[in-house]
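start05.tsv follows (TSV, C-alpha atoms):
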```tsv
chain	number	residue	atom	x	y	z
A	1	MET	CA	35.34	92.33	5.89
A	2	ARG	CA	38.81	90.82	6.00
A	3	SER	CA	40.19	92.99	3.24
A	4	ARG	CA	39.38	96.23	5.04
A	5	LEU	CA	40.00	95.44	8.67
A	6	GLY	CA	42.59	92.66	8.43
A	7	LEU	CA	42.44	89.13	9.80
A	8	PRO	CA	42.56	89.92	13.57
A	9	ALA	CA	39.58	92.29	13.34
A	10	ALA	CA	37.59	89.77	11.30
A	11	VAL	CA	38.38	86.95	13.75
A	12	SER	CA	37.55	89.08	16.79
A	13	ARG	CA	34.25	90.04	15.16
A	14	TRP	CA	33.32	86.37	14.76
A	15	VAL	CA	34.41	85.65	18.34
A	16	LEU	CA	32.17	88.47	19.58
A	17	LEU	CA	29.24	87.15	17.56
A	18	LEU	CA	29.82	83.66	18.94
A	19	LEU	CA	29.93	85.04	22.49
A	20	ALA	CA	26.66	86.90	21.84
A	21	VAL	CA	24.98	83.68	20.68
A	22	LEU	CA	26.33	81.77	23.69
A	23	ALA	CA	25.15	84.51	26.07
A	24	HIS	CA	21.70	84.34	24.48
A	25	ALA	CA	21.65	80.56	24.90
A	26	VAL	CA	22.67	80.87	28.59
A	27	LEU	CA	19.94	83.46	29.15
A	28	ALA	CA	17.41	81.13	27.53
A	29	GLY	CA	18.54	78.42	29.96
A	30	LEU	CA	18.01	80.86	32.83
A	31	ALA	CA	14.55	81.72	31.47
A	32	ILE	CA	13.60	78.03	31.47
A	33	ALA	CA	14.90	77.66	35.03
A	34	GLU	CA	12.95	80.74	36.16
A	35	PHE	CA	9.69	79.47	34.71
A	36	ALA	CA	10.36	76.00	36.15
A	37	THR	CA	11.05	77.43	39.62
A	38	MET	CA	8.52	80.25	39.82
A	39	GLY	CA	5.82	78.97	37.51
A	40	TRP	CA	3.71	80.94	35.03
A	41	PRO	CA	3.20	83.86	35.19
A	42	LEU	CA	6.18	85.41	36.97
A	43	PRO	CA	5.53	87.98	39.77
A	44	THR	CA	4.88	90.84	37.35
A	45	TRP	CA	3.63	90.89	33.77
A	46	PHE	CA	6.71	92.85	32.77
A	47	ASP	CA	8.95	90.04	34.06
A	48	THR	CA	6.79	87.45	32.32
A	49	GLY	CA	6.94	89.31	29.02
A	50	ALA	CA	10.69	89.93	29.23
A	51	VAL	CA	11.62	86.35	30.14
A	52	THR	CA	9.23	84.97	27.52
A	53	LEU	CA	10.78	87.21	24.87
A	54	VAL	CA	14.25	85.89	25.69
A	55	LEU	CA	13.02	82.32	25.59
A	56	VAL	CA	11.03	82.68	22.35
A	57	SER	CA	13.85	84.48	20.51
A	58	ALA	CA	16.36	81.81	21.56
A	59	ALA	CA	13.96	79.03	20.55
A	60	ALA	CA	13.44	80.66	17.14
A	61	GLY	CA	17.20	81.02	16.71
A	62	LEU	CA	17.85	77.44	17.76
A	63	ALA	CA	15.19	76.08	15.40
A	64	ALA	CA	16.42	78.15	12.44
A	65	SER	CA	20.09	77.36	12.98
A	66	GLY	CA	19.29	73.67	13.51
A	67	ARG	CA	17.46	73.65	10.19
A	68	ALA	CA	20.40	75.40	8.48
A	69	ALA	CA	22.86	72.87	9.94
A	70	LEU	CA	20.66	69.97	8.85
A	71	ARG	CA	20.40	71.33	5.32
A	72	ALA	CA	24.16	71.74	5.09
A	73	ALA	CA	24.80	68.22	6.38
A	74	SER	CA	22.17	66.78	4.00
A	75	CYS	CA	23.71	68.62	1.07
A	76	SER	CA	27.23	67.40	1.81
A	77	ARG	CA	26.07	63.82	2.38
A	78	ALA	CA	23.88	63.77	-0.74
A	79	LEU	CA	26.61	65.17	-2.94
A	80	ARG	CA	29.23	62.75	-1.61
A	81	THR	CA	26.91	59.79	-2.23
A	82	LEU	CA	26.02	60.96	-5.72
A	83	ILE	CA	29.61	61.66	-6.66
A	84	ARG	CA	30.70	58.25	-5.39
A	85	THR	CA	28.22	56.57	-7.73
A	86	GLY	CA	28.16	59.00	-10.65
A	87	ARG	CA	31.75	60.17	-10.86
A	88	ARG	CA	33.16	60.53	-14.38
A	89	PRO	CA	36.75	60.91	-15.56
A	90	VAL	CA	37.80	64.55	-15.37
A	91	PRO	CA	38.10	65.90	-18.95
A	92	PRO	CA	41.80	66.27	-19.92
A	93	LEU	CA	41.50	70.05	-20.42
A	94	ILE	CA	40.24	70.51	-16.85
A	95	GLN	CA	42.65	67.92	-15.45
A	96	ASP	CA	45.64	69.74	-16.99
A	97	GLU	CA	44.63	73.11	-15.56
A	98	ALA	CA	43.98	71.54	-12.15
A	99	ALA	CA	47.41	69.89	-12.22
A	100	VAL	CA	49.04	73.26	-12.90
A	101	LEU	CA	47.16	74.73	-9.92
A	102	GLY	CA	47.96	71.75	-7.71
A	103	CYS	CA	44.37	70.77	-6.97
A	104	ALA	CA	43.98	67.79	-9.32
A	105	ASP	CA	43.76	65.35	-6.40
A	106	ARG	CA	40.78	67.21	-4.95
A	107	LEU	CA	38.74	67.42	-8.10
A	108	ASP	CA	35.66	65.41	-9.09
A	109	ALA	CA	33.63	65.51	-12.28
A	110	VAL	CA	30.08	64.53	-13.07
A	111	ALA	CA	28.55	64.26	-16.51
A	112	GLY	CA	26.56	67.24	-17.66
A	113	GLU	CA	26.23	69.68	-20.50
A	114	GLU	CA	25.37	72.40	-18.00
A	115	ALA	CA	28.71	73.94	-17.07
A	116	PHE	CA	29.27	74.50	-13.37
A	117	ALA	CA	31.97	74.44	-10.71
A	118	VAL	CA	31.36	74.30	-6.97
A	119	THR	CA	33.38	73.71	-3.83
A	120	TYR	CA	31.61	71.39	-1.41
A	121	GLY	CA	32.36	69.50	1.78
A	122	LEU	CA	32.73	71.01	5.22
A	123	MET	CA	35.84	69.45	6.76
A	124	TRP	CA	37.56	68.08	3.67
A	125	PRO	CA	36.32	70.26	0.84
A	126	ARG	CA	36.61	69.22	-2.79
A	127	ILE	CA	35.91	70.84	-6.13
A	128	LEU	CA	33.12	69.45	-8.29
A	129	VAL	CA	32.87	70.34	-11.96
A	130	SER	CA	30.61	69.17	-14.75
A	131	THR	CA	32.15	67.73	-17.88
A	132	GLY	CA	30.32	70.49	-19.78
A	133	LEU	CA	32.78	73.02	-18.35
A	134	ALA	CA	35.41	71.74	-20.78
A	135	THR	CA	33.27	72.56	-23.78
A	136	ALA	CA	31.80	75.84	-22.48
A	137	LEU	CA	35.08	77.57	-21.62
A	138	THR	CA	38.57	78.01	-23.02
A	139	SER	CA	41.51	76.49	-21.15
A	140	ALA	CA	42.49	79.93	-19.75
A	141	GLU	CA	38.93	80.48	-18.50
A	142	ILE	CA	38.91	77.00	-16.93
A	143	GLY	CA	42.15	77.99	-15.19
A	144	ALA	CA	40.44	81.11	-13.81
A	145	VAL	CA	37.44	79.12	-12.57
A	146	LEU	CA	39.67	76.52	-10.90
A	147	ALA	CA	41.87	79.22	-9.33
A	148	HIS	CA	38.69	80.75	-7.90
A	149	GLU	CA	37.49	77.41	-6.53
A	150	ARG	CA	40.94	76.53	-5.19
A	151	GLU	CA	40.80	79.70	-3.08
A	152	HIS	CA	37.50	78.48	-1.60
A	153	LEU	CA	39.17	75.12	-1.00
A	154	ARG	CA	42.20	76.61	0.76
A	155	HIS	CA	40.08	78.64	3.15
A	156	ARG	CA	37.45	75.95	3.75
A	157	ASP	CA	34.84	78.41	2.53
A	158	PRO	CA	31.93	75.92	2.67
A	159	LEU	CA	32.56	75.68	6.42
A	160	ARG	CA	32.91	79.45	6.78
A	161	LEU	CA	29.71	79.95	4.78
A	162	LEU	CA	27.95	77.51	7.06
A	163	ALA	CA	29.20	79.43	10.13
A	164	ALA	CA	27.88	82.67	8.64
A	165	ARG	CA	24.53	81.09	7.83
A	166	LEU	CA	24.20	79.52	11.26
A	167	PHE	CA	24.80	82.92	12.81
A	168	ALA	CA	22.27	84.54	10.48
A	169	ALA	CA	19.77	81.79	11.31
A	170	TRP	CA	20.28	82.24	15.05
A	171	GLY	CA	19.67	85.96	14.67
A	172	CYS	CA	16.71	85.45	12.31
A	173	TYR	CA	14.80	88.17	14.14
A	174	LEU	CA	17.61	90.68	13.36
A	175	PRO	CA	17.66	91.81	9.70
A	176	ALA	CA	21.27	92.95	10.16
A	177	ALA	CA	22.35	89.37	10.93
A	178	ARG	CA	21.31	88.20	7.47
A	179	TRP	CA	23.07	91.16	5.92
A	180	LEU	CA	26.26	90.30	7.83
A	181	ALA	CA	26.09	86.70	6.58
A	182	SER	CA	25.54	87.84	2.96
A	183	ARG	CA	28.41	90.28	3.36
A	184	ALA	CA	30.69	87.50	4.60
A	185	ALA	CA	29.68	85.24	1.68
A	186	LEU	CA	30.33	88.03	-0.79
A	187	SER	CA	33.71	88.79	0.76
A	188	TYR	CA	34.74	85.14	0.21
A	189	GLU	CA	33.67	85.40	-3.45
A	190	LEU	CA	35.53	88.67	-3.92
A	191	ALA	CA	38.69	87.24	-2.34
A	192	ALA	CA	38.51	84.19	-4.63
A	193	ASP	CA	38.00	86.47	-7.64
A	194	ARG	CA	41.05	88.57	-6.74
A	195	THR	CA	43.20	85.44	-6.68
A	196	ALA	CA	41.71	84.17	-9.95
A	197	ALA	CA	42.21	87.57	-11.63
A	198	ARG	CA	45.83	87.75	-10.47
A	199	ARG	CA	46.47	84.30	-11.86
A	200	ALA	CA	44.49	84.30	-15.11
A	201	GLY	CA	43.87	87.99	-15.77
A	202	ARG	CA	40.79	90.16	-15.36
A	203	SER	CA	39.61	89.75	-18.93
A	204	VAL	CA	39.78	85.96	-18.74
A	205	LEU	CA	37.85	85.87	-15.45
A	206	ALA	CA	35.28	88.29	-16.90
A	207	GLY	CA	34.88	85.96	-19.89
A	208	ALA	CA	34.25	82.96	-17.64
A	209	LEU	CA	31.72	84.91	-15.56
A	210	LEU	CA	29.95	86.15	-18.68
A	211	LYS	CA	29.71	82.72	-20.26
A	212	LEU	CA	28.59	80.84	-17.16
A	213	ALA	CA	26.20	83.45	-15.77
A	214	SER	CA	24.44	84.36	-18.97
A	215	ARG	CA	23.02	80.94	-19.77
A	216	PRO	CA	19.33	80.97	-18.92
A	217	ALA	CA	18.62	78.81	-15.89
A	218	CYS	CA	16.28	75.89	-16.42
A	219	PRO	CA	12.86	76.56	-14.85
A	220	ALA	CA	13.11	74.00	-12.07
A	221	VAL	CA	16.54	75.10	-10.93
A	222	ALA	CA	15.63	78.78	-11.14
A	223	ALA	CA	12.50	78.21	-9.08
A	224	ALA	CA	14.21	76.14	-6.42
A	225	SER	CA	17.46	78.06	-6.22
A	226	PRO	CA	17.55	80.22	-3.14
A	227	ALA	CA	20.38	82.41	-4.46
A	228	ARG	CA	18.37	85.60	-4.15
A	229	ASP	CA	21.50	87.68	-3.62
A	230	GLU	CA	23.16	86.45	-6.81
A	231	PRO	CA	22.48	89.50	-9.05
A	232	ARG	CA	23.81	91.84	-6.33
A	233	SER	CA	26.80	89.55	-5.77
A	234	LEU	CA	27.62	89.50	-9.47
A	235	GLU	CA	27.33	93.28	-9.61
A	236	ALA	CA	29.85	93.60	-6.77
A	237	ARG	CA	32.20	91.12	-8.44
A	238	VAL	CA	32.08	93.03	-11.72
A	239	SER	CA	32.69	96.32	-9.87
A	240	GLN	CA	35.76	94.80	-8.23
A	241	LEU	CA	37.08	93.61	-11.60
A	242	GLU	CA	36.62	97.12	-13.01
A	243	ALA	CA	38.06	99.07	-10.10
A	244	GLY	CA	40.64	96.55	-8.93
A	245	ARG	CA	39.43	96.83	-5.33
A	246	PRO	CA	36.40	95.47	-3.47
A	247	PRO	CA	33.33	97.73	-3.50
A	248	ARG	CA	32.04	99.20	-0.25
A	249	GLN	CA	29.17	97.27	1.25
A	250	ARG	CA	26.66	99.15	3.36
A	251	PRO	CA	23.52	97.80	4.99
A	252	ALA	CA	20.18	99.41	4.20
A	253	VAL	CA	19.13	101.94	6.83
A	254	SER	CA	15.80	100.14	7.22
A	255	ARG	CA	17.64	96.94	8.20
A	256	LEU	CA	19.72	98.79	10.75
A	257	LEU	CA	16.67	100.51	12.23
A	258	ALA	CA	14.68	97.26	12.41
A	259	SER	CA	17.62	95.50	14.10
A	260	ALA	CA	18.14	98.37	16.54
A	261	GLY	CA	14.43	98.27	17.37
A	262	THR	CA	14.54	94.54	18.06
A	263	LEU	CA	17.69	94.88	20.16
A	264	SER	CA	16.15	97.72	22.16
A	265	LEU	CA	13.52	95.21	23.29
A	266	LEU	CA	15.78	92.19	23.64
A	267	VAL	CA	18.60	93.80	25.65
A	268	PRO	CA	16.36	95.11	28.48
A	269	ALA	CA	14.49	91.79	28.43
A	270	SER	CA	17.80	89.94	28.80
A	271	MET	CA	18.80	92.16	31.73
A	272	CYS	CA	15.45	91.51	33.36
A	273	CYS	CA	15.93	87.76	32.81
A	274	LEU	CA	19.38	87.98	34.39
A	275	ALA	CA	18.04	89.99	37.33
A	276	MET	CA	15.28	87.43	37.89
A	277	SER	CA	17.90	84.73	38.32
A	278	GLN	CA	18.52	86.00	41.87
A	279	PHE	CA	15.31	84.22	42.84
A	280	LEU	CA	16.63	80.88	41.62
A	281	PRO	CA	18.10	78.49	44.22
A	282	GLY	CA	21.75	79.58	44.49
A	283	GLY	CA	20.84	82.58	42.26
A	284	LEU	CA	23.43	84.04	39.95
A	285	LEU	CA	23.03	87.64	41.15
B	1	MET	CA	23.54	57.20	-24.93
B	2	ALA	CA	24.52	57.44	-21.36
B	3	GLU	CA	25.44	55.00	-18.72
B	4	GLN	CA	23.14	55.08	-15.75
B	5	GLY	CA	24.51	56.51	-12.55
B	6	GLY	CA	23.49	55.29	-9.15
B	7	ALA	CA	20.93	57.91	-8.45
B	8	GLY	CA	17.88	56.48	-10.08
B	9	SER	CA	15.87	57.10	-6.96
B	10	THR	CA	15.57	60.77	-7.93
B	11	LEU	CA	13.15	59.74	-10.68
B	12	GLY	CA	9.88	57.89	-10.31
B	13	PRO	CA	9.64	54.44	-12.00
B	14	LEU	CA	7.74	55.71	-15.03
B	15	GLU	CA	9.93	58.81	-15.26
B	16	ALA	CA	12.99	56.56	-15.27
B	17	GLU	CA	11.48	54.44	-18.07
B	18	VAL	CA	10.75	57.52	-20.16
B	19	MET	CA	14.30	58.80	-19.65
B	20	ALA	CA	15.72	55.38	-20.54
B	21	VAL	CA	13.83	55.43	-23.86
B	22	LEU	CA	15.03	58.92	-24.73
B	23	TRP	CA	18.63	58.18	-23.74
B	24	ARG	CA	18.58	54.94	-25.76
B	25	VAL	CA	17.13	56.52	-28.90
B	26	GLY	CA	19.38	59.57	-28.68
B	27	THR	CA	17.15	61.89	-30.71
B	28	PRO	CA	14.22	64.11	-29.64
B	29	LEU	CA	10.94	62.17	-29.70
B	30	PRO	CA	7.25	63.13	-29.58
B	31	VAL	CA	5.03	61.74	-26.81
B	32	ARG	CA	3.36	59.25	-29.16
B	33	GLU	CA	6.65	57.56	-30.11
B	34	VAL	CA	7.82	57.41	-26.50
B	35	ALA	CA	4.50	55.82	-25.55
B	36	ALA	CA	4.90	53.28	-28.36
B	37	GLU	CA	8.39	52.38	-27.14
B	38	LEU	CA	7.17	52.05	-23.55
B	39	ASN	CA	4.21	49.87	-24.57
B	40	ALA	CA	6.27	47.45	-26.66
B	41	GLY	CA	6.12	44.18	-24.74
B	42	ARG	CA	3.95	45.66	-21.96
B	43	GLU	CA	0.83	43.63	-21.06
B	44	VAL	CA	-1.28	46.61	-20.02
B	45	ALA	CA	-0.58	49.53	-22.31
B	46	LEU	CA	0.03	52.97	-20.84
B	47	ALA	CA	-2.42	55.63	-21.95
B	48	TYR	CA	-1.10	58.38	-24.18
B	49	THR	CA	-2.21	60.98	-21.61
B	50	THR	CA	-0.29	59.24	-18.83
B	51	VAL	CA	2.93	59.38	-20.83
B	52	MET	CA	2.22	62.99	-21.79
B	53	THR	CA	1.70	63.94	-18.13
B	54	VAL	CA	4.96	62.29	-17.11
B	55	MET	CA	6.88	63.98	-19.92
B	56	SER	CA	5.34	67.38	-19.16
B	57	ARG	CA	6.36	66.96	-15.53
B	58	LEU	CA	9.92	66.09	-16.57
B	59	ALA	CA	9.98	69.17	-18.81
B	60	GLY	CA	8.71	71.26	-15.91
B	61	LYS	CA	11.56	69.99	-13.74
B	62	GLY	CA	14.04	71.00	-16.42
B	63	ILE	CA	15.04	67.38	-17.09
B	64	LEU	CA	13.54	67.32	-20.61
B	65	ALA	CA	13.69	70.11	-23.17
B	66	ARG	CA	10.55	70.58	-25.23
B	67	SER	CA	10.73	72.07	-28.71
B	68	ARG	CA	8.41	72.32	-31.70
B	69	SER	CA	9.09	70.12	-34.71
B	70	GLY	CA	6.57	70.91	-37.43
B	71	ARG	CA	3.10	70.59	-35.91
B	72	ARG	CA	4.12	68.57	-32.88
B	73	PHE	CA	6.30	68.91	-29.81
B	74	VAL	CA	9.37	66.74	-29.34
B	75	TYR	CA	11.24	66.08	-26.11
B	76	ALA	CA	14.97	65.61	-25.55
B	77	PRO	CA	16.85	64.89	-22.33
B	78	VAL	CA	18.78	67.84	-20.93
B	79	ALA	CA	20.85	65.69	-18.59
B	80	ALA	CA	23.21	62.95	-19.72
B	81	ASP	CA	22.32	60.45	-17.00
B	82	THR	CA	20.48	60.04	-13.71
B	83	ALA	CA	23.57	61.04	-11.74
B	84	GLU	CA	23.57	64.42	-13.44
B	85	ILE	CA	19.87	64.84	-12.73
B	86	ALA	CA	20.47	64.00	-9.09
B	87	VAL	CA	23.45	66.35	-8.74
B	88	ARG	CA	21.46	69.16	-10.32
B	89	GLY	CA	18.61	68.41	-7.94
B	90	VAL	CA	20.91	68.60	-4.92
B	91	LEU	CA	22.48	71.85	-6.12
B	92	ALA	CA	19.03	73.33	-6.70
B	93	GLU	CA	17.64	72.16	-3.38
B	94	PHE	CA	20.60	72.93	-1.17
B	95	GLY	CA	22.40	75.54	-3.27
B	96	ASP	CA	22.75	77.95	-0.39
B	97	ALA	CA	23.46	75.41	2.34
B	98	ALA	CA	27.23	75.01	2.34
B	99	LEU	CA	28.47	75.37	-1.19
B	100	ALA	CA	30.72	77.91	-2.82
B	101	ARG	CA	29.57	78.03	-6.43
B	102	PHE	CA	31.60	79.85	-9.08
B	103	VAL	CA	28.55	81.67	-10.37
B	104	GLU	CA	24.86	80.92	-10.54
B	105	ARG	CA	23.17	80.99	-13.88
B	106	ALA	CA	20.99	84.06	-13.99
B	107	GLU	CA	19.22	86.35	-16.35
B	108	LEU	CA	21.99	88.91	-16.73
B	109	ASP	CA	21.11	92.57	-16.63
B	110	PRO	CA	22.04	93.90	-20.11
B	111	ARG	CA	24.19	96.65	-18.54
B	112	LEU	CA	26.07	94.08	-16.46
B	113	ARG	CA	26.54	91.95	-19.55
B	114	GLU	CA	27.97	94.97	-21.38
B	115	ARG	CA	30.35	95.75	-18.51
B	116	LEU	CA	31.57	92.14	-18.51
B	117	ARG	CA	32.00	92.26	-22.27
B	118	ARG	CA	34.08	95.44	-22.00
B	119	LEU	CA	36.25	93.80	-19.31
B	120	MET	CA	36.68	90.78	-21.55
B	121	GLU	CA	37.96	92.92	-24.38
B	122	GLN	CA	40.56	94.65	-22.21
B	123	GLN	CA	44.01	93.10	-22.29
```
Rewrite the structure of this file - the entire thing - as structure tokens.
Amino acid sequence: MRSRLGLPAAVSRWVLLLLAVLAHAVLAGLAIAEFATMGWPLPTWFDTGAVTLVLVSAAAGLAASGRAALRAASCSRALRTLIRTGRRPVPPLIQDEAAVLGCADRLDAVAGEEAFAVTYGLMWPRILVSTGLATALTSAEIGAVLAHEREHLRHRDPLRLLAARLFAAWGCYLPAARWLASRAALSYELAADRTAARRAGRSVLAGALLKLASRPACPAVAAASPARDEPRSLEARVSQLEAGRPPRQRPAVSRLLASAGTLSLLVPASMCCLAMSQFLPGGLL
Amino acid sequence: MAEQGGAGSTLGPLEAEVMAVLWRVGTPLPVREVAAELNAGREVALAYTTVMTVMSRLAGKGILARSRSGRRFVYAPVAADTAEIAVRGVLAEFGDAALARFVERAELDPRLRERLRRLMEQQ
């Protein structure tokens, strides 16, 4: 997203999406006021259906985005608590690479043979690695992994991911919203990979990806992990490493058609809801 | 083998006892030997099937690795301590919530693996 259109276009796109969500929330407020003032049903069945549709879609969006926000907050809190109690000394190999990259003061380690690296924390993100990373990868590959994570750190990607997921959750009735959120998440990964490849080299980054992705996931983690987009994401990351530029991302036509169909119902319903507000005391129209 | 972290609440009491035995011994054990260790000094002995159920559940969660040794199965801890188990649990439960993970472990498509291998060999 950012790589193709530049920062201003990406920011304005998010502002537009935020305005759309706010407008939907205001319309839902109007719908509640209309039902409270005029009772159920409204004068015509068309009005009743339209205002109900606005209200139900906003309620679904609010519930889904509330759940997403709660999950994110629970995750951050749980990880912080666990790391406070289970923190281990960062292995010297990882510590040295982190010092070179200037992120040693924002690095935590937990014990574990399973090698992983994540960036967590919404406002003050940190990098978490397992001690197993030091044995699974070479020092150059650890440098590539940390350069990748440092990029997430610098851009507060956990917070940006949360924003994308909240938007997707609000628009849960629009298949295109989920695609947009996945596209944003992938663009953050691709940007982090470009930085890591510039710093450590494509072959080193490819080695780290190969080693860490090709270990079979343990059954419980595989079953619980919701990373359904991971194979597609890895494919795009490999394509970028090969071509040296991010691959084009296009939504499926079926998603676009389904979203257009939903919007073709929701937009007229919203206009009807807005028009009905003239009957409210001190009506808006 | 490993110092306990502060996340013991992720395991049930009996699960924690089983893990403590396996961490202390440091080698893969069959159910019968774990049960014997657990029952040493216990007034009411645990049934073999109870211990087997607990260990099967731990293996199902990916906390114990089960392998064949001769005619019996032996179990070994996959995680080094309870903190690691808890962190893995959080990552598994909330992996998509607000985390940027370097890469998820996945069954790699052989063609993707080959492409990565070719990239690795390029200088």
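For the residues B:Val44, B:Ala16, B:Ala80, B:Met52, ranking by smallest atom-to-atom distance to Arg32 (chain B) using all atoms listed in the file places B:Met52 first.
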Report, in Å with one decimal, the straight-line distance from CA of Ala69 (chain A) to CA of Ala163 (chain A). 9.1 Å
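Near (30.2, 73.2, 2.0), the residues that fall inside 10 Å on the basis of all atoms listed in the file are Ala72, Ala73, Cys75, Ser76, Val118, Thr119, Tyr120, Gly121, Leu122, Met123, Trp124, Pro125, Arg126, His152, Leu153, Arg156, Asp157, Pro158, Leu159, Arg160, Leu161 and Leu162 of chain A; Gly95, Asp96, Ala97, Ala98, Leu99, Ala100 and Arg101 of chain B.
Between chain A and the candidates B:Glu43, B:Glu84, B:Glu114, B:Glu17, the tightest atom-to-atom separation, counting all atoms listed in the file, involves B:Glu84.
In terms of minimum interatomic distance to chain B, A:Leu186 ranks closest within A:Leu17, A:Ala98, A:Leu263, A:Leu186, counting all atoms listed in the file.
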Can you give me N, CA and C atoms for region 51-72 of chain B, written as a PDB file, keeping the file's coordinate frame?
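Output below, filename part.pdb:
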```
ATOM      1  N   VAL B  51       1.553  59.121 -20.395  1.00  0.00           N
ATOM      2  CA  VAL B  51       2.930  59.380 -20.830  1.00  0.00           C
ATOM      3  C   VAL B  51       3.129  60.890 -21.022  1.00  0.00           C
ATOM      4  N   MET B  52       2.103  61.548 -21.567  1.00  0.00           N
ATOM      5  CA  MET B  52       2.220  62.990 -21.790  1.00  0.00           C
ATOM      6  C   MET B  52       2.371  63.733 -20.457  1.00  0.00           C
ATOM      7  N   THR B  53       1.612  63.288 -19.449  1.00  0.00           N
ATOM      8  CA  THR B  53       1.700  63.940 -18.130  1.00  0.00           C
ATOM      9  C   THR B  53       3.105  63.772 -17.550  1.00  0.00           C
ATOM     10  N   VAL B  54       3.628  62.549 -17.655  1.00  0.00           N
ATOM     11  CA  VAL B  54       4.960  62.290 -17.110  1.00  0.00           C
ATOM     12  C   VAL B  54       5.998  63.150 -17.826  1.00  0.00           C
ATOM     13  N   MET B  55       5.884  63.221 -19.159  1.00  0.00           N
ATOM     14  CA  MET B  55       6.880  63.980 -19.920  1.00  0.00           C
ATOM     15  C   MET B  55       6.743  65.482 -19.664  1.00  0.00           C
ATOM     16  N   SER B  56       5.534  65.951 -19.485  1.00  0.00           N
ATOM     17  CA  SER B  56       5.340  67.380 -19.160  1.00  0.00           C
ATOM     18  C   SER B  56       5.966  67.681 -17.803  1.00  0.00           C
ATOM     19  N   ARG B  57       5.779  66.743 -16.865  1.00  0.00           N
ATOM     20  CA  ARG B  57       6.360  66.960 -15.530  1.00  0.00           C
ATOM     21  C   ARG B  57       7.892  66.992 -15.610  1.00  0.00           C
ATOM     22  N   LEU B  58       8.457  66.099 -16.403  1.00  0.00           N
ATOM     23  CA  LEU B  58       9.920  66.090 -16.570  1.00  0.00           C
ATOM     24  C   LEU B  58      10.401  67.387 -17.225  1.00  0.00           C
ATOM     25  N   ALA B  59       9.613  67.893 -18.169  1.00  0.00           N
ATOM     26  CA  ALA B  59       9.980  69.170 -18.810  1.00  0.00           C
ATOM     27  C   ALA B  59       9.890  70.297 -17.797  1.00  0.00           C
ATOM     28  N   GLY B  60       8.869  70.236 -16.939  1.00  0.00           N
ATOM     29  CA  GLY B  60       8.710  71.260 -15.910  1.00  0.00           C
ATOM     30  C   GLY B  60       9.860  71.264 -14.920  1.00  0.00           C
ATOM     31  N   LYS B  61      10.424  70.083 -14.664  1.00  0.00           N
ATOM     32  CA  LYS B  61      11.560  69.990 -13.740  1.00  0.00           C
ATOM     33  C   LYS B  61      12.865  70.389 -14.410  1.00  0.00           C
ATOM     34  N   GLY B  62      12.815  70.632 -15.714  1.00  0.00           N
ATOM     35  CA  GLY B  62      14.040  71.000 -16.420  1.00  0.00           C
ATOM     36  C   GLY B  62      14.870  69.799 -16.831  1.00  0.00           C
ATOM     37  N   ILE B  63      14.291  68.589 -16.744  1.00  0.00           N
ATOM     38  CA  ILE B  63      15.040  67.380 -17.090  1.00  0.00           C
ATOM     39  C   ILE B  63      14.896  67.082 -18.587  1.00  0.00           C
ATOM     40  N   LEU B  64      13.741  67.454 -19.158  1.00  0.00           N
ATOM     41  CA  LEU B  64      13.540  67.320 -20.610  1.00  0.00           C
ATOM     42  C   LEU B  64      13.383  68.707 -21.223  1.00  0.00           C
ATOM     43  N   ALA B  65      13.898  68.858 -22.431  1.00  0.00           N
ATOM     44  CA  ALA B  65      13.690  70.110 -23.170  1.00  0.00           C
ATOM     45  C   ALA B  65      12.631  69.858 -24.226  1.00  0.00           C
ATOM     46  N   ARG B  66      11.648  70.748 -24.268  1.00  0.00           N
ATOM     47  CA  ARG B  66      10.550  70.580 -25.230  1.00  0.00           C
ATOM     48  C   ARG B  66      10.738  71.591 -26.363  1.00  0.00           C
ATOM     49  N   SER B  67      10.623  71.129 -27.594  1.00  0.00           N
ATOM     50  CA  SER B  67      10.730  72.070 -28.710  1.00  0.00           C
ATOM     51  C   SER B  67       9.723  71.660 -29.782  1.00  0.00           C
ATOM     52  N   ARG B  68       9.405  72.608 -30.667  1.00  0.00           N
ATOM     53  CA  ARG B  68       8.410  72.320 -31.700  1.00  0.00           C
ATOM     54  C   ARG B  68       9.125  71.746 -32.920  1.00  0.00           C
ATOM     55  N   SER B  69       8.561  70.692 -33.466  1.00  0.00           N
ATOM     56  CA  SER B  69       9.090  70.120 -34.710  1.00  0.00           C
ATOM     57  C   SER B  69       7.897  69.958 -35.648  1.00  0.00           C
ATOM     58  N   GLY B  70       7.750  70.903 -36.567  1.00  0.00           N
ATOM     59  CA  GLY B  70       6.570  70.910 -37.430  1.00  0.00           C
ATOM     60  C   GLY B  70       5.337  71.231 -36.607  1.00  0.00           C
ATOM     61  N   ARG B  71       4.351  70.313 -36.623  1.00  0.00           N
ATOM     62  CA  ARG B  71       3.100  70.590 -35.910  1.00  0.00           C
ATOM     63  C   ARG B  71       3.060  69.916 -34.540  1.00  0.00           C
ATOM     64  N   ARG B  72       4.146  69.284 -34.155  1.00  0.00           N
ATOM     65  CA  ARG B  72       4.120  68.570 -32.880  1.00  0.00           C
ATOM     66  C   ARG B  72       5.296  68.999 -32.002  1.00  0.00           C
TER      67      ARG B  72
END
```
